[in-house]
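Structure file target.pdb with PDB, C-alpha atoms:
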MODEL        1
ATOM      1  CA  MET I   1     112.079 125.697  81.805  1.00  0.00           C
ATOM      2  CA  SER I   2     114.679 123.404  83.261  1.00  0.00           C
ATOM      3  CA  LEU I   3     114.516 121.618  86.584  1.00  0.00           C
ATOM      4  CA  ASP I   4     117.437 120.869  88.859  1.00  0.00           C
ATOM      5  CA  LYS I   5     117.910 118.215  91.531  1.00  0.00           C
ATOM      6  CA  ALA I   6     116.750 120.480  94.386  1.00  0.00           C
ATOM      7  CA  THR I   7     113.553 121.428  92.539  1.00  0.00           C
ATOM      8  CA  VAL I   8     112.732 117.788  91.809  1.00  0.00           C
ATOM      9  CA  ALA I   9     113.309 116.926  95.478  1.00  0.00           C
ATOM     10  CA  SER I  10     110.960 119.757  96.448  1.00  0.00           C
ATOM     11  CA  ILE I  11     108.306 118.568  93.973  1.00  0.00           C
ATOM     12  CA  ALA I  12     108.607 115.034  95.354  1.00  0.00           C
ATOM     13  CA  THR I  13     108.104 116.359  98.878  1.00  0.00           C
ATOM     14  CA  LEU I  14     105.038 118.352  97.828  1.00  0.00           C
ATOM     15  CA  ALA I  15     103.638 115.253  96.108  1.00  0.00           C
ATOM     16  CA  ARG I  16     104.401 113.239  99.238  1.00  0.00           C
ATOM     17  CA  LEU I  17     106.682 110.896  97.303  1.00  0.00           C
ATOM     18  CA  ARG I  18     109.734 109.373  98.883  1.00  0.00           C
ATOM     19  CA  VAL I  19     112.442 109.470  96.207  1.00  0.00           C
ATOM     20  CA  PRO I  20     115.875 108.104  97.112  1.00  0.00           C
ATOM     21  CA  ASP I  21     118.835 110.387  96.347  1.00  0.00           C
ATOM     22  CA  ASP I  22     120.163 108.002  93.705  1.00  0.00           C
ATOM     23  CA  ARG I  23     116.848 108.294  91.767  1.00  0.00           C
ATOM     24  CA  LEU I  24     116.709 112.111  91.794  1.00  0.00           C
ATOM     25  CA  GLU I  25     119.131 112.664  88.904  1.00  0.00           C
ATOM     26  CA  PRO I  26     117.322 110.271  86.507  1.00  0.00           C
ATOM     27  CA  MET I  27     114.030 111.871  87.531  1.00  0.00           C
ATOM     28  CA  VAL I  28     115.448 115.322  86.694  1.00  0.00           C
ATOM     29  CA  ASP I  29     116.116 114.103  83.152  1.00  0.00           C
ATOM     30  CA  GLU I  30     112.675 112.496  82.848  1.00  0.00           C
ATOM     31  CA  LEU I  31     110.812 115.587  84.068  1.00  0.00           C
ATOM     32  CA  ASN I  32     112.874 117.883  81.842  1.00  0.00           C
ATOM     33  CA  ASN I  33     111.962 115.683  78.859  1.00  0.00           C
ATOM     34  CA  ILE I  34     108.267 115.918  79.766  1.00  0.00           C
ATOM     35  CA  LEU I  35     108.503 119.699  80.091  1.00  0.00           C
ATOM     36  CA  GLY I  36     110.222 119.783  76.695  1.00  0.00           C
ATOM     37  CA  TRP I  37     107.286 117.958  75.120  1.00  0.00           C
ATOM     38  CA  ILE I  38     104.890 120.439  76.718  1.00  0.00           C
ATOM     39  CA  GLU I  39     106.924 123.345  75.316  1.00  0.00           C
ATOM     40  CA  GLN I  40     106.644 121.754  71.862  1.00  0.00           C
ATOM     41  CA  LEU I  41     102.849 121.862  72.183  1.00  0.00           C
ATOM     42  CA  SER I  42     102.955 125.624  72.735  1.00  0.00           C
ATOM     43  CA  GLU I  43     104.595 126.015  69.322  1.00  0.00           C
ATOM     44  CA  VAL I  44     101.501 124.661  67.531  1.00  0.00           C
ATOM     45  CA  ASP I  45      99.346 127.380  65.955  1.00  0.00           C
ATOM     46  CA  THR I  46      95.807 126.897  67.284  1.00  0.00           C
ATOM     47  CA  ASP I  47      94.400 130.336  66.429  1.00  0.00           C
ATOM     48  CA  THR I  48      92.082 128.969  63.731  1.00  0.00           C
ATOM     49  CA  VAL I  49      90.958 125.895  65.679  1.00  0.00           C
ATOM     50  CA  ALA I  50      87.609 126.119  67.431  1.00  0.00           C
ATOM     51  CA  PRO I  51      87.425 124.827  71.009  1.00  0.00           C
ATOM     52  CA  LEU I  52      85.946 121.347  71.343  1.00  0.00           C
ATOM     53  CA  ALA I  53      83.479 120.084  73.879  1.00  0.00           C
ATOM     54  CA  SER I  54      83.479 116.647  72.250  1.00  0.00           C
ATOM     55  CA  VAL I  55      85.776 115.043  69.721  1.00  0.00           C
ATOM     56  CA  THR I  56      82.883 113.290  67.988  1.00  0.00           C
ATOM     57  CA  GLY I  57      80.895 116.442  67.180  1.00  0.00           C
ATOM     58  CA  HIS I  58      77.631 114.840  68.236  1.00  0.00           C
ATOM     59  CA  SER I  59      75.239 116.311  70.730  1.00  0.00           C
ATOM     60  CA  LEU I  60      73.462 114.206  73.301  1.00  0.00           C
ATOM     61  CA  PRO I  61      69.911 113.209  72.441  1.00  0.00           C
ATOM     62  CA  LEU I  62      67.296 114.929  74.571  1.00  0.00           C
ATOM     63  CA  ARG I  63      64.110 113.349  75.875  1.00  0.00           C
ATOM     64  CA  GLU I  64      61.018 114.557  77.618  1.00  0.00           C
ATOM     65  CA  ASP I  65      61.400 114.776  81.376  1.00  0.00           C
ATOM     66  CA  VAL I  66      58.402 112.656  82.306  1.00  0.00           C
ATOM     67  CA  VAL I  67      57.906 109.775  84.710  1.00  0.00           C
ATOM     68  CA  THR I  68      57.791 106.592  82.651  1.00  0.00           C
ATOM     69  CA  ASP I  69      57.745 104.084  85.468  1.00  0.00           C
ATOM     70  CA  GLY I  70      56.558 104.049  89.022  1.00  0.00           C
ATOM     71  CA  GLY I  71      53.355 104.551  90.893  1.00  0.00           C
ATOM     72  CA  TYR I  72      53.590 101.246  92.734  1.00  0.00           C
ATOM     73  CA  PRO I  73      55.463 101.873  96.012  1.00  0.00           C
ATOM     74  CA  ASP I  74      54.250  98.573  97.488  1.00  0.00           C
ATOM     75  CA  ARG I  75      56.165  96.610  94.830  1.00  0.00           C
ATOM     76  CA  VAL I  76      59.250  98.837  95.204  1.00  0.00           C
ATOM     77  CA  THR I  77      59.440  98.434  98.977  1.00  0.00           C
ATOM     78  CA  ALA I  78      58.439  94.747  99.010  1.00  0.00           C
ATOM     79  CA  ASN I  79      61.994  93.621  99.812  1.00  0.00           C
ATOM     80  CA  ALA I  80      62.567  96.296 102.471  1.00  0.00           C
ATOM     81  CA  PRO I  81      62.844  95.040 106.053  1.00  0.00           C
ATOM     82  CA  GLU I  82      60.414  97.788 107.037  1.00  0.00           C
ATOM     83  CA  SER I  83      58.464 100.403 105.106  1.00  0.00           C
ATOM     84  CA  VAL I  84      56.156 103.203 106.167  1.00  0.00           C
ATOM     85  CA  HIS I  85      53.642 104.850 103.814  1.00  0.00           C
ATOM     86  CA  GLY I  86      55.493 103.585 100.704  1.00  0.00           C
ATOM     87  CA  PHE I  87      58.958 104.701 101.876  1.00  0.00           C
ATOM     88  CA  TYR I  88      61.915 102.745 103.217  1.00  0.00           C
ATOM     89  CA  ALA I  89      62.059 102.948 107.006  1.00  0.00           C
ATOM     90  CA  VAL I  90      65.568 103.077 108.444  1.00  0.00           C
ATOM     91  CA  PRO I  91      66.717 103.339 112.052  1.00  0.00           C
ATOM     92  CA  LYS I  92      67.655 106.764 113.319  1.00  0.00           C
ATOM     93  CA  VAL I  93      71.448 107.045 113.431  1.00  0.00           C
ATOM     94  CA  VAL I  94      71.930 110.735 114.306  1.00  0.00           C
ATOM     95  CA  GLU I  95      70.627 112.310 117.472  1.00  0.00           C
TER      96      GLU I  95
ENDMDL
END
Spell out the structure here as structure tokens.
Amino acid sequence: MSLDKATVASIATLARLRVPDDRLEPMVDELNNILGWIEQLSEVDTDTVAPLASVTGHSLPLREDVVTDGGYPDRVTANAPESVHGFYAVPKVVE
């Protein structure tokens, strides 16, 4: 795929980039080089490569889903300007 000056100007407009006319031609060359590198990637045979979820091959350690801390709402809300029944009290902001 090869881009021309009009296509690059259109892409710049879609990306909401202001590109001066004197910078369009160098940008055409730069984007065509990038597209060339992407085309090179499609030439690599990946049929025998398994998809990766992680490059390290390690899974995340799992733990029991239990409460290990808490049960003292008075200490948690001690710094709150106002608390009600162990919860932070905030002013109503929506009618």
request  = Find the residues around region 31-47 of chain I up to 10 Å (only C-alpha atoms counted), leave out those fewer than 2 positions away in its own chain, and share them as an NGL selection string.
outcome  = :I and (1-4 or 8 or 26-29 or 49-51)
If the PyMOL selection byres ((chain I and resi 9) around 12) is run on the structure shown, which residues does it catch, given as a PDB file with C-alpha atoms, in the coordinates of the input?
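Produced file expr_12.pdb, reproduced below:
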ATOM      1  CA  LEU I   3     114.516 121.618  86.584  1.00  0.00           C
ATOM      2  CA  ASP I   4     117.437 120.869  88.859  1.00  0.00           C
ATOM      3  CA  LYS I   5     117.910 118.215  91.531  1.00  0.00           C
ATOM      4  CA  ALA I   6     116.750 120.480  94.386  1.00  0.00           C
ATOM      5  CA  THR I   7     113.553 121.428  92.539  1.00  0.00           C
ATOM      6  CA  VAL I   8     112.732 117.788  91.809  1.00  0.00           C
ATOM      7  CA  SER I  10     110.960 119.757  96.448  1.00  0.00           C
ATOM      8  CA  ILE I  11     108.306 118.568  93.973  1.00  0.00           C
ATOM      9  CA  ALA I  12     108.607 115.034  95.354  1.00  0.00           C
ATOM     10  CA  THR I  13     108.104 116.359  98.878  1.00  0.00           C
ATOM     11  CA  LEU I  14     105.038 118.352  97.828  1.00  0.00           C
ATOM     12  CA  ALA I  15     103.638 115.253  96.108  1.00  0.00           C
ATOM     13  CA  ARG I  16     104.401 113.239  99.238  1.00  0.00           C
ATOM     14  CA  LEU I  17     106.682 110.896  97.303  1.00  0.00           C
ATOM     15  CA  ARG I  18     109.734 109.373  98.883  1.00  0.00           C
ATOM     16  CA  VAL I  19     112.442 109.470  96.207  1.00  0.00           C
ATOM     17  CA  PRO I  20     115.875 108.104  97.112  1.00  0.00           C
ATOM     18  CA  ASP I  21     118.835 110.387  96.347  1.00  0.00           C
ATOM     19  CA  ASP I  22     120.163 108.002  93.705  1.00  0.00           C
ATOM     20  CA  ARG I  23     116.848 108.294  91.767  1.00  0.00           C
ATOM     21  CA  LEU I  24     116.709 112.111  91.794  1.00  0.00           C
ATOM     22  CA  GLU I  25     119.131 112.664  88.904  1.00  0.00           C
ATOM     23  CA  PRO I  26     117.322 110.271  86.507  1.00  0.00           C
ATOM     24  CA  MET I  27     114.030 111.871  87.531  1.00  0.00           C
ATOM     25  CA  VAL I  28     115.448 115.322  86.694  1.00  0.00           C
ATOM     26  CA  LEU I  31     110.812 115.587  84.068  1.00  0.00           C
TER      27      LEU I  31
END
ask   = At a cut-off of 12 Å from (58.0, 103.7, 99.8) in the coordinates of the file, what residues are picked up using all atoms listed in the file, written as number ranges by chain?
value = I: 70-90
Generate the output file for the selected residues, C-alpha atoms, as a compact mmCIF listing (two decimals), in the frame of the given file.
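Printed below is out-v3.txt as written:
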# COMPACT_ATOMS: atom_id res chain seq x y z
CA GLY I 70 56.56 104.05 89.02
CA GLY I 71 53.36 104.55 90.89
CA TYR I 72 53.59 101.25 92.73
CA PRO I 73 55.46 101.87 96.01
CA ASP I 74 54.25 98.57 97.49
CA ARG I 75 56.16 96.61 94.83
CA VAL I 76 59.25 98.84 95.20
CA THR I 77 59.44 98.43 98.98
CA ALA I 78 58.44 94.75 99.01
CA ASN I 79 61.99 93.62 99.81
CA ALA I 80 62.57 96.30 102.47
CA PRO I 81 62.84 95.04 106.05
CA GLU I 82 60.41 97.79 107.04
CA SER I 83 58.46 100.40 105.11
CA VAL I 84 56.16 103.20 106.17
CA HIS I 85 53.64 104.85 103.81
CA GLY I 86 55.49 103.58 100.70
CA PHE I 87 58.96 104.70 101.88
CA TYR I 88 61.92 102.74 103.22
CA ALA I 89 62.06 102.95 107.01
CA VAL I 90 65.57 103.08 108.44
